[in-house]
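**Student:** As input, take work16.cif (mmCIF, C-alpha atoms and all ligand atoms):
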data_query
#
loop_
_atom_site.label_atom_id
_atom_site.label_comp_id
_atom_site.auth_asym_id
_atom_site.auth_seq_id
_atom_site.Cartn_x
_atom_site.Cartn_y
_atom_site.Cartn_z
CA MET A 1 -18.38 12.71 15.33
CA ARG A 2 -15.50 11.07 17.16
CA THR A 3 -11.90 11.80 16.25
CA PRO A 4 -9.28 10.75 15.18
CA ARG A 5 -11.29 9.52 12.21
CA LEU A 6 -10.02 8.12 8.93
CA GLU A 7 -12.60 8.60 6.19
CA LEU A 8 -12.45 6.32 3.15
CA TYR A 9 -14.34 7.40 0.01
CA VAL A 10 -15.01 3.96 -1.38
CA ASP A 11 -16.90 5.00 -4.51
CA ARG A 12 -13.95 7.13 -5.60
CA ILE A 13 -11.64 4.17 -4.92
CA ALA A 14 -13.94 1.99 -7.06
CA ASP A 15 -13.62 4.52 -9.91
CA ASN A 16 -9.83 4.51 -9.52
CA ALA A 17 -9.82 0.71 -9.55
CA ALA A 18 -11.83 0.75 -12.79
CA ALA A 19 -9.32 3.16 -14.37
CA ILE A 20 -6.25 1.16 -13.33
CA ALA A 21 -7.81 -2.24 -14.07
CA GLY A 22 -8.80 -0.88 -17.48
CA GLN A 23 -5.19 0.04 -18.25
CA CYS A 24 -3.99 -3.44 -17.27
CA HIS A 25 -6.77 -5.15 -19.22
CA ASP A 26 -5.99 -3.08 -22.31
CA HIS A 27 -2.48 -4.56 -22.13
CA GLY A 28 -4.02 -8.03 -21.99
CA ALA A 29 -3.02 -8.43 -18.34
CA THR A 30 -4.94 -9.43 -15.23
CA VAL A 31 -4.66 -7.27 -12.11
CA ALA A 32 -4.59 -7.92 -8.39
CA GLY A 33 -6.01 -5.08 -6.30
CA VAL A 34 -3.88 -4.47 -3.20
CA ALA A 35 -5.47 -2.80 -0.15
CA LYS A 36 -2.80 -3.50 2.49
CA VAL A 37 -2.29 0.24 3.07
CA VAL A 38 -5.80 0.33 4.58
CA CYS A 39 -5.40 -3.02 6.35
CA ALA A 40 -7.57 -4.69 3.65
CA GLN A 41 -10.63 -2.80 4.87
CA PRO A 42 -13.59 -4.89 3.55
CA ASP A 43 -15.44 -1.97 1.88
CA VAL A 44 -12.25 -1.00 0.06
CA LEU A 45 -11.84 -4.59 -1.16
CA ASP A 46 -15.44 -4.49 -2.31
CA ALA A 47 -14.74 -1.22 -4.15
CA MET A 48 -11.80 -2.86 -5.92
CA VAL A 49 -13.97 -5.80 -6.95
CA ARG A 50 -16.64 -3.39 -8.25
CA GLY A 51 -13.90 -1.62 -10.18
CA GLY A 52 -13.06 -4.86 -11.96
CA VAL A 53 -9.85 -6.22 -10.43
CA ASP A 54 -9.35 -9.92 -11.15
CA MET A 55 -7.90 -10.93 -7.79
CA ILE A 56 -7.06 -9.45 -4.38
CA GLY A 57 -3.43 -9.32 -3.24
CA ASP A 58 -2.16 -8.69 0.27
CA SER A 59 1.13 -9.12 2.09
CA ARG A 60 -0.53 -10.46 5.27
CA ILE A 61 -2.28 -13.80 5.67
CA ASP A 62 -4.44 -12.23 8.37
CA ASN A 63 -5.77 -9.64 5.93
CA LEU A 64 -6.51 -12.32 3.34
CA ARG A 65 -8.32 -14.42 5.94
CA ARG A 66 -10.58 -11.46 6.66
CA ALA A 67 -11.12 -10.90 2.94
CA ARG A 68 -12.22 -14.52 2.58
CA ALA A 69 -14.45 -14.29 5.66
CA THR A 70 -16.20 -11.19 4.32
CA GLY A 71 -17.13 -13.02 1.16
CA ILE A 72 -14.57 -12.05 -1.48
CA ARG A 73 -15.05 -14.59 -4.26
CA ILE A 74 -12.19 -13.74 -6.62
CA PRO A 75 -8.76 -15.40 -6.11
CA LEU A 76 -6.56 -14.26 -3.21
CA MET A 77 -2.84 -13.74 -3.76
CA LEU A 78 -0.34 -13.62 -0.88
CA LEU A 79 2.29 -11.01 -1.76
CA ARG A 80 4.92 -11.34 0.96
CA ILE A 81 7.11 -14.43 0.84
CA PRO A 82 5.35 -16.77 3.31
CA GLU A 83 6.76 -17.80 6.68
CA PRO A 84 7.55 -21.53 6.94
CA SER A 85 5.70 -21.60 10.27
CA ARG A 86 2.46 -20.64 8.51
CA ALA A 87 2.42 -22.94 5.47
CA GLU A 88 -0.94 -24.46 6.42
CA GLU A 89 -2.64 -21.11 6.72
CA VAL A 90 -1.20 -20.02 3.40
CA VAL A 91 -2.68 -22.91 1.44
CA ARG A 92 -5.96 -22.77 3.36
CA ILE A 93 -6.51 -19.05 2.76
CA ALA A 94 -4.60 -17.97 -0.35
CA ASP A 95 -5.11 -19.34 -3.85
CA ILE A 96 -1.75 -18.03 -5.06
CA SER A 97 1.45 -17.08 -3.23
CA LEU A 98 4.69 -15.41 -4.28
CA ASN A 99 7.74 -17.48 -3.30
CA SER A 100 11.51 -17.52 -3.58
CA SER A 101 12.75 -20.78 -2.05
CA ALA A 102 12.38 -24.50 -2.72
CA THR A 103 12.16 -25.02 1.06
CA MET A 104 8.97 -23.00 1.31
CA ILE A 105 7.41 -24.47 -1.82
CA ARG A 106 7.98 -27.99 -0.42
CA LEU A 107 6.26 -27.00 2.83
CA LEU A 108 3.35 -25.57 0.86
CA SER A 109 3.16 -28.86 -1.03
CA GLN A 110 2.95 -30.88 2.18
CA ALA A 111 0.28 -28.58 3.57
CA ALA A 112 -1.70 -28.61 0.31
CA VAL A 113 -1.64 -32.42 0.18
CA ALA A 114 -2.85 -32.63 3.78
CA MET A 115 -5.60 -30.12 3.01
CA ARG A 116 -6.44 -31.75 -0.36
CA VAL A 117 -6.12 -28.48 -2.25
CA VAL A 118 -4.00 -27.27 -5.13
CA HIS A 119 -1.99 -24.15 -4.36
CA LYS A 120 -0.63 -21.93 -7.11
CA VAL A 121 2.94 -20.63 -6.84
CA ILE A 122 4.69 -17.74 -8.57
CA LEU A 123 8.47 -17.78 -8.30
CA MET A 124 9.84 -14.30 -7.62
CA ILE A 125 13.11 -13.28 -9.20
CA ASP A 126 15.14 -10.22 -8.28
CA ILE A 127 15.72 -7.94 -11.25
CA GLY A 128 17.59 -5.28 -9.31
CA ASP A 129 15.51 -3.76 -6.49
CA LEU A 130 17.18 -6.09 -3.93
CA ARG A 131 14.10 -6.90 -1.91
CA GLU A 132 12.55 -10.34 -2.50
CA GLY A 133 13.34 -12.73 -5.32
CA VAL A 134 15.83 -15.35 -6.48
CA TRP A 135 19.10 -13.77 -7.58
CA ALA A 136 20.28 -16.73 -9.64
CA GLY A 137 19.07 -20.28 -9.98
CA ALA A 138 15.37 -19.90 -10.80
CA VAL A 139 15.67 -22.89 -13.13
CA ASP A 140 17.11 -25.04 -10.31
CA ILE A 141 14.26 -24.19 -7.94
CA LEU A 142 11.64 -24.92 -10.57
CA ARG A 143 13.30 -28.25 -11.43
CA GLN A 144 13.35 -29.21 -7.74
CA CYS A 145 9.70 -28.28 -7.30
CA ARG A 146 8.36 -29.59 -10.62
CA GLY A 147 5.93 -32.39 -9.89
CA LEU A 148 5.47 -31.61 -6.19
CA PRO A 149 1.94 -32.78 -5.33
CA GLY A 150 -0.59 -30.05 -4.48
CA ILE A 151 1.48 -27.35 -6.18
CA GLU A 152 0.92 -25.69 -9.52
CA LEU A 153 3.88 -23.57 -10.65
CA ILE A 154 2.04 -20.89 -12.61
CA GLY A 155 4.76 -18.43 -13.47
CA LEU A 156 7.40 -15.91 -12.51
CA GLY A 157 7.19 -12.47 -10.98
CA ALA A 158 9.27 -9.52 -9.88
CA ASN A 159 8.91 -6.48 -7.69
CA LEU A 160 10.54 -3.08 -8.13
CA ALA A 161 10.59 0.41 -6.60
CA CYS A 162 10.09 -0.85 -3.04
CA TYR A 163 13.52 -1.14 -1.42
CA GLY A 164 16.03 0.02 -4.00
CA GLY A 165 13.64 2.42 -5.73
CA VAL A 166 14.55 0.84 -9.07
CA VAL A 167 12.25 2.06 -11.85
CA PRO A 168 10.62 -0.49 -14.19
CA SER A 169 12.22 -0.17 -17.62
CA GLU A 170 12.05 -2.01 -20.92
CA THR A 171 15.41 -3.55 -19.98
CA ASN A 172 14.50 -5.00 -16.58
CA MET A 173 11.00 -6.05 -17.74
CA ARG A 174 12.53 -7.83 -20.76
CA ARG A 175 14.90 -9.56 -18.39
CA LEU A 176 11.91 -10.92 -16.44
CA VAL A 177 10.42 -12.17 -19.73
CA GLU A 178 13.74 -13.71 -20.83
CA VAL A 179 14.28 -15.52 -17.54
CA THR A 180 10.72 -16.87 -17.77
CA GLN A 181 11.31 -18.07 -21.33
CA GLN A 182 14.56 -19.74 -20.30
CA CYS A 183 12.75 -21.44 -17.40
CA ARG A 184 10.02 -22.65 -19.77
CA VAL A 185 12.58 -24.16 -22.12
CA GLU A 186 14.75 -25.76 -19.44
CA THR A 187 11.95 -27.16 -17.23
CA GLY A 188 9.22 -27.93 -19.75
CA LEU A 189 6.77 -26.10 -17.48
CA GLU A 190 4.18 -23.89 -19.14
CA LEU A 191 4.58 -21.01 -16.62
CA PRO A 192 1.77 -18.95 -18.17
CA MET A 193 1.82 -15.99 -15.76
CA ILE A 194 4.43 -13.23 -15.69
CA SER A 195 3.60 -10.89 -12.83
CA GLY A 196 5.41 -7.68 -13.69
CA GLY A 197 5.08 -5.62 -10.59
CA ASN A 198 3.25 -2.95 -8.67
CA SER A 199 1.97 0.57 -9.30
CA SER A 200 5.45 1.62 -10.41
CA ALA A 201 4.80 -0.29 -13.67
CA LEU A 202 2.04 2.11 -14.77
CA PRO A 203 4.20 4.76 -16.48
CA LEU A 204 5.91 2.12 -18.66
CA LEU A 205 2.51 0.54 -19.35
CA ALA A 206 1.02 3.91 -20.34
CA THR A 207 3.79 4.67 -22.82
CA GLY A 208 3.23 1.33 -24.56
CA ARG A 209 6.78 0.14 -23.82
CA MET A 210 5.80 -2.65 -21.40
CA PRO A 211 6.64 -5.98 -23.06
CA PRO A 212 3.36 -7.67 -24.11
CA GLU A 213 4.43 -10.93 -22.40
CA ILE A 214 3.97 -9.32 -18.95
CA ASN A 215 0.40 -10.40 -18.18
CA ASN A 216 -0.26 -9.66 -14.50
CA PHE A 217 0.14 -6.60 -12.28
CA ARG A 218 -0.39 -6.00 -8.56
CA MET A 219 -1.74 -2.51 -7.97
CA GLY A 220 -2.21 -0.78 -4.61
CA GLU A 221 -1.24 2.87 -4.20
CA SER A 222 -2.26 3.89 -7.73
CA ILE A 223 -5.80 2.67 -7.00
CA ILE A 224 -6.17 3.89 -3.43
CA LEU A 225 -4.34 7.22 -3.63
CA GLY A 226 -4.45 7.82 -7.40
CA ARG A 227 -0.73 8.51 -7.62
CA ASN A 228 2.18 7.82 -9.94
CA VAL A 229 4.44 6.19 -7.35
CA LEU A 230 7.64 7.19 -9.17
CA ASP A 231 7.10 10.88 -8.32
CA ARG A 232 3.74 10.93 -6.43
CA SER A 233 2.12 13.09 -9.10
CA PRO A 234 -1.62 12.51 -9.69
CA TRP A 235 -2.15 9.58 -12.07
CA PRO A 236 -4.27 10.66 -15.08
CA GLY A 237 -7.82 9.35 -14.89
CA THR A 238 -7.80 8.82 -11.12
CA ARG A 239 -8.75 11.01 -8.17
CA GLN A 240 -6.67 11.78 -5.14
CA ASP A 241 -9.44 12.81 -2.68
CA THR A 242 -10.05 9.21 -1.62
CA VAL A 243 -8.98 9.33 2.04
CA CYS A 244 -9.00 11.99 4.75
CA LEU A 245 -7.89 12.01 8.39
CA TYR A 246 -9.82 14.19 10.85
CA GLY A 247 -8.33 15.41 14.11
CA GLU A 248 -9.86 17.79 16.62
CA ILE A 249 -8.50 20.97 18.18
CA ILE A 250 -7.93 20.45 21.91
CA GLU A 251 -6.00 23.68 22.54
CA LEU A 252 -5.72 26.96 20.65
CA GLU A 253 -3.12 29.43 21.94
CA ARG A 254 -0.96 32.21 20.61
CA LYS A 255 2.68 31.44 21.47
CA PRO A 256 6.24 32.25 20.40
CA SER A 257 7.84 30.05 17.72
CA VAL A 258 11.05 29.32 19.64
CA PRO A 259 10.96 27.39 22.96
CA ILE A 260 11.97 29.34 26.07
CA GLY A 261 14.74 27.92 28.28
CA ASP A 262 17.80 25.68 27.92
CA ARG A 263 17.17 22.91 25.40
CA GLY A 264 18.10 19.23 25.34
CA GLN A 265 16.58 16.39 23.36
CA ASN A 266 12.85 16.05 22.86
CA ALA A 267 10.82 12.94 23.79
CA PHE A 268 12.18 11.09 20.73
CA GLY A 269 15.88 11.80 21.22
CA GLU A 270 15.89 14.50 18.56
CA GLU A 271 17.19 18.03 18.83
CA GLY A 272 14.74 20.49 17.37
CA HIS A 273 15.56 23.37 15.06
CA PHE A 274 13.34 26.37 15.55
CA VAL A 275 13.10 29.45 13.37
CA ASP A 276 11.89 32.61 15.06
CA ARG A 277 8.77 33.61 13.16
CA GLY A 278 7.34 35.64 16.00
CA THR A 279 4.18 34.88 17.92
CA HIS A 280 1.67 32.65 16.13
CA TRP A 281 -1.69 31.00 16.70
CA ARG A 282 -0.99 27.31 17.34
CA ALA A 283 -3.62 24.59 17.44
CA ILE A 284 -2.97 21.34 19.24
CA VAL A 285 -4.79 18.55 17.41
CA ASN A 286 -5.50 15.13 18.95
CA LEU A 287 -3.18 13.25 16.60
CA GLY A 288 0.31 11.96 17.34
CA ARG A 289 2.90 9.40 16.44
CA GLN A 290 0.67 6.68 17.89
CA ASP A 291 -1.98 7.50 15.31
CA VAL A 292 -0.19 8.44 12.14
CA ALA A 293 3.20 9.00 10.45
CA VAL A 294 3.19 12.72 11.11
CA ASP A 295 5.54 13.61 8.23
CA GLY A 296 2.95 12.31 5.79
CA LEU A 297 0.16 14.65 6.91
CA THR A 298 -0.85 17.78 5.00
CA PRO A 299 -3.66 20.00 6.26
CA LEU A 300 -6.36 20.38 3.59
CA ASP A 301 -6.36 24.11 4.38
CA PRO A 302 -3.21 25.37 2.59
CA ALA A 303 -2.95 28.20 5.12
CA MET A 304 -2.18 25.71 7.91
CA ARG A 305 1.22 24.11 8.55
CA VAL A 306 2.22 21.15 10.71
CA LEU A 307 5.03 22.24 13.07
CA GLY A 308 5.67 18.91 14.73
CA ALA A 309 4.27 16.19 16.91
CA SER A 310 4.88 14.07 19.95
CA SER A 311 3.17 10.75 20.73
CA ASP A 312 -0.27 12.26 21.20
CA HIS A 313 -0.13 15.93 20.19
CA LEU A 314 0.07 17.46 16.72
CA ILE A 315 1.04 21.13 16.67
CA VAL A 316 -0.36 23.10 13.75
CA ASP A 317 0.49 26.70 12.89
CA VAL A 318 -2.88 28.31 12.14
CA GLU A 319 -1.74 31.95 12.22
CA ASP A 320 -2.30 32.50 8.48
CA ALA A 321 -5.61 30.66 8.53
CA MET A 322 -6.81 32.86 11.41
CA ALA A 323 -5.53 35.98 9.64
CA ALA A 324 -7.46 34.90 6.53
CA GLY A 325 -10.63 34.79 8.57
CA ALA A 326 -10.88 31.18 9.78
CA ARG A 327 -12.82 31.27 13.06
CA LEU A 328 -11.18 28.28 14.70
CA ALA A 329 -12.12 27.12 18.20
CA VAL A 330 -11.41 24.27 20.54
CA GLY A 331 -13.50 21.31 19.36
CA ASP A 332 -13.26 22.11 15.65
CA GLU A 333 -12.25 19.29 13.33
CA ILE A 334 -9.19 19.72 11.12
CA PRO A 335 -8.97 17.52 7.98
CA PHE A 336 -5.64 16.21 6.65
CA ASP A 337 -4.51 14.61 3.43
CA LEU A 338 -2.33 11.51 3.93
CA ASN A 339 0.53 10.00 1.98
CA TYR A 340 1.13 6.23 1.79
CA GLY A 341 3.09 6.03 5.06
CA ALA A 342 0.60 8.13 6.99
CA LEU A 343 -2.32 6.09 5.65
CA LEU A 344 -0.55 2.83 6.49
CA ALA A 345 0.09 3.99 10.06
CA SER A 346 -3.37 5.39 10.73
CA SER A 347 -5.21 2.39 9.30
CA THR A 348 -3.23 0.11 11.62
CA SER A 349 -3.51 2.32 14.73
CA PRO A 350 -6.03 1.06 17.27
CA TYR A 351 -6.77 4.69 18.19
CA VAL A 352 -8.07 5.72 14.78
CA ARG A 353 -11.69 4.97 13.81
CA THR A 354 -12.41 4.26 10.18
CA ARG A 355 -15.53 5.66 8.58
CA ILE A 356 -16.72 4.57 5.14
CA VAL A 357 -18.20 7.38 3.10
CA GLU A 358 -20.54 6.31 0.32
CA GLU A 359 -21.70 8.84 -2.19
CA PRO A 360 -24.88 8.89 -4.26
CA PRO A 361 -24.10 7.95 -7.86
CA THR A 362 -23.65 10.99 -10.10
CA ALA A 363 -26.31 11.14 -12.80
C1 LIG B 401 2.63 -3.92 -1.74
C2 LIG B 401 2.95 -4.76 -2.89
C3 LIG B 401 2.38 -4.46 -4.13
C4 LIG B 401 1.51 -3.24 -4.37
O1 LIG B 401 2.33 -2.10 -4.42
P1 LIG B 401 1.81 -0.64 -4.81
O2 LIG B 401 3.03 0.17 -5.01
O3 LIG B 401 0.97 -0.17 -3.67
O4 LIG B 401 1.02 -0.77 -6.07
C5 LIG B 401 2.69 -5.31 -5.19
N1 LIG B 401 3.50 -6.37 -5.02
C6 LIG B 401 4.06 -6.68 -3.84
C7 LIG B 401 4.96 -7.87 -3.75
C8 LIG B 401 3.81 -5.89 -2.74
O5 LIG B 401 4.38 -6.18 -1.56
#
Represent the structure of the file as structure tokens.
Ligand SMILES: *Cc1c(COP(=O)(O)O)cnc(C)c1O

**Tutor:**
Amino acid sequence: MRTPRLELYVDRIADNAAAIAGQCHDHGATVAGVAKVVCAQPDVLDAMVRGGVDMIGDSRIDNLRRARATGIRIPLMLLRIPEPSRAEEVVRIADISLNSSATMIRLLSQAAVAMRVVHKVILMIDIGDLREGVWAGAVDILRQCRGLPGIELIGLGANLACYGGVVPSETNMRRLVEVTQQCRVETGLELPMISGGNSSALPLLATGRMPPEINNFRMGESIILGRNVLDRSPWPGTRQDTVCLYGEIIELERKPSVPIGDRGQNAFGEEGHFVDRGTHWRAIVNLGRQDVAVDGLTPLDPAMRVLGASSDHLIVDVEDAMAAGARLAVGDEIPFDLNYGALLASSTSPYVRTRIVEEPPTA
């Protein structure tokens, strides 16, 4: 089969979605399944729906448009703060969007009126991660936007662990609840939804210390890769063998481990550091920086090691694998595990084919 090939095990992702959705539902919260790391691949969205998510979230309007076109019937939530230039598309495609300015909410109102729809808005506040969200003045924005036609202000939200790496805690989650309560009192709005964050919220949720008022979560990596995003350890009740990237050996040679000759920068302006490990079997695999974030690749065979990559060539040390009896040859496929960054890059690379793997149900 052709390579490079990204295989997605959708039934395993559906099981993960059921596990994560179950945890959110047990807390009394709804959950948005987020598949942006695989470019909102339709079969992955379907797996999330089968697993019981209540809505689909994505940071890109284009991904949500595709989700709508492929027949997703549950609500669609736009996660990235919308661009003013795309207000019409936002209200046409998304049911809910996350926002942080009165300017944008007014534009959404105008577009919603023109389109004769009602668009739901969550106001994002910043509780410390320093990515999106209002720093101060949530009440002011809600007052300015209260009563705008075509807009329903449904609640507040926050995001953590993305830019600043701030961990969800009882303190910052309570702050989100307190700001929401203050907004309810000062604006008279009901603001029923408090959207508490992404996969990084799971550990707090699991220990029972998540405030009960937080009633929506937006979960991506924990469903798709089955990981605790605070330390990347496997999340209990989920599986991690959900995605796999296959490359193909195009050259297999035994070579020294230190380049021969005077050295300058490589193709990416970096100066390499080479340790002399003697002469080793090296496989060149047809993967490179145009296909994947190379640092996020791990060969499934623990005896293999990625040495480095240029745009189109991945160099893998296969000396130990050969010594252990692997009979590698040009044309053999090599499977790799991917982290979030590697998966994001390979699912958006035009050079990588995606293959959906469906498995027969286990009895
Ligand atoms: C990507 C994203 C999510 C999902 O994050 P995961 O860590 O993959 O669960 C949630 N909310 C927002 C605003 C996002 O951009």

**Student:** For ligand LIG 401 (chain B), return the neighbouring residues as a ChimeraX atom specification (distance at most 8 Å; only C-alpha atoms and all ligand atoms).

**Tutor:** /A:33-37,57-59,79-80,98,158-159,161-162,197-200,217-223,229

**Student:** By how many Å are CA of Leu142 (chain A) and CA of Val117 (chain A) apart?

**Tutor:** 19.9 Å

**Student:** Return the single residue from A:Gly150, A:Gly155, A:Pro350, A:Pro299 that is closest to Glu190 (chain A), with distances computed using only C-alpha atoms.

**Tutor:**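 Looking only at the distances to Glu190 (chain A), the closest residue turns out to be A:Gly155.
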
**Student:** At a cut-off of 9 Å, using all atoms listed in the file, what residues contact Arg66 (chain A)? Leave out same-chain residues fewer than 6 positions from it and give the result as a ChimeraX atom specification.

**Tutor:** /A:40-42

**Student:** For a test of reading the model, state the distance in Å between CA of Leu160 (chain A) and CA of Tyr340 (chain A), rounded to one decimal.

**Tutor:**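 These two atoms are separated by 16.5 Å.
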
**Student:** Rank A:Leu108, A:Cys24, A:Val243, A:Leu78 by their smallest atom-to-atom distance to Val357 (chain A), using all atoms listed in the file, and report the top residue only.

**Tutor:**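 Nearest to Val357 (chain A): A:Val243.
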
**Student:** From the set A:Leu176, A:Leu287, A:Leu204, A:Ile96, which residue has the shortest atom-to-atom contact distance to Glu333 (chain A), counting all atoms listed in the file?

**Tutor:**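 Checking each of A:Leu176, A:Leu287, A:Leu204, A:Ile96 against Glu333 (chain A), counting all atoms listed in the file, the winner is A:Leu287.
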
**Student:** Need to verify the contact set: region 323-327 of chain A, 10 Å, only C-alpha atoms, exclusion of same-chain residues closer than 6 positions in sequence. Can you return it as a ChimeraX atom specification?

**Tutor:** /A:281,301,303

**Student:** Which of these, A:Ala345, A:Leu156, A:Val167, A:Met115, has the shortest distance to Leu191 (chain A) once you count only C-alpha atoms?

**Tutor:**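 Counting only C-alpha atoms, the residue closest to Leu191 (chain A) is A:Leu156.
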
**Student:** Between A:Gly22, A:Pro360, A:Pro149, A:Gly331, which one has atoms that come closest to Ile250 (chain A), using only C-alpha atoms?

**Tutor:**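 Once distances to Ile250 (chain A) are computed over only C-alpha atoms, the minimum belongs to A:Gly331.
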
**Student:** Show me, as number ranges by chain, the residues that have an atom within 12 Å of Ala94 (chain A) when counting only C-alpha atoms, minus same-chain residues fewer than 2 positions from it.

**Tutor:** A: 55-68, 72-80, 82, 86-92, 96-98, 108, 112, 117-121

**Student:** For a cut-off of 9 Å around (-8.3, 7.5, -0.4), file coordinates, pick out all residues using all atoms listed in the file and list them as a list in words.

**Tutor:** Glu7, Leu8, Tyr9, Val10, Arg12, Ile13, Ile223, Ile224, Leu225, Gly226, Arg239, Gln240, Asp241, Thr242, Val243, Cys244, Asp337, Leu338 and Leu343 of chain A

**Student:** Tell me which residues come within 12 Å of (-6.7, -5.9, -15.4), as JSON, numbers by chain, counting only C-alpha atoms in the file's coordinates.

**Tutor:** {"A": [17, 18, 19, 20, 21, 22, 23, 24, 25, 26, 27, 28, 29, 30, 31, 32, 33, 48, 49, 51, 52, 53, 54, 55, 56, 195, 202, 205, 214, 215, 216, 217, 218, 219]}

**Student:** What does the distance between CA of Ser233 (chain A) and CA of Pro4 (chain A) come to in Å, to one decimal place?

**Tutor:**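 Between these atoms lies a distance of 26.9 Å.
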
**Student:** Got a sec: who's within 8 Å of region 254-271 of chain A, counting all atoms listed in the file, leaving out chain neighbours fewer than 5 positions off, as an MDAnalysis selection string?

**Tutor:** chainID A and resid 276:282 310

**Student:** Take the residues from that selection and put them in a file with C-alpha atoms, as a PDB file, in the frame of the given file.

**Tutor:**
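Just written: again-v7.pdb:
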ATOM      1  CA  ASP A 276      11.890  32.610  15.060  1.00  0.00           C
ATOM      2  CA  ARG A 277       8.770  33.610  13.160  1.00  0.00           C
ATOM      3  CA  GLY A 278       7.340  35.640  16.000  1.00  0.00           C
ATOM      4  CA  THR A 279       4.180  34.880  17.920  1.00  0.00           C
ATOM      5  CA  HIS A 280       1.670  32.650  16.130  1.00  0.00           C
ATOM      6  CA  TRP A 281      -1.690  31.000  16.700  1.00  0.00           C
ATOM      7  CA  ARG A 282      -0.990  27.310  17.340  1.00  0.00           C
ATOM      8  CA  SER A 310       4.880  14.070  19.950  1.00  0.00           C
TER       9      SER A 310
END

**Student:** Find the residues around Asp291 (chain A) up to 9 Å (only C-alpha atoms counted), leave out those fewer than 2 positions away in its own chain, and share them as an MDAnalysis selection string.

**Tutor:** chainID A and resid 4 287:289 293:294 311:312 342 345:352
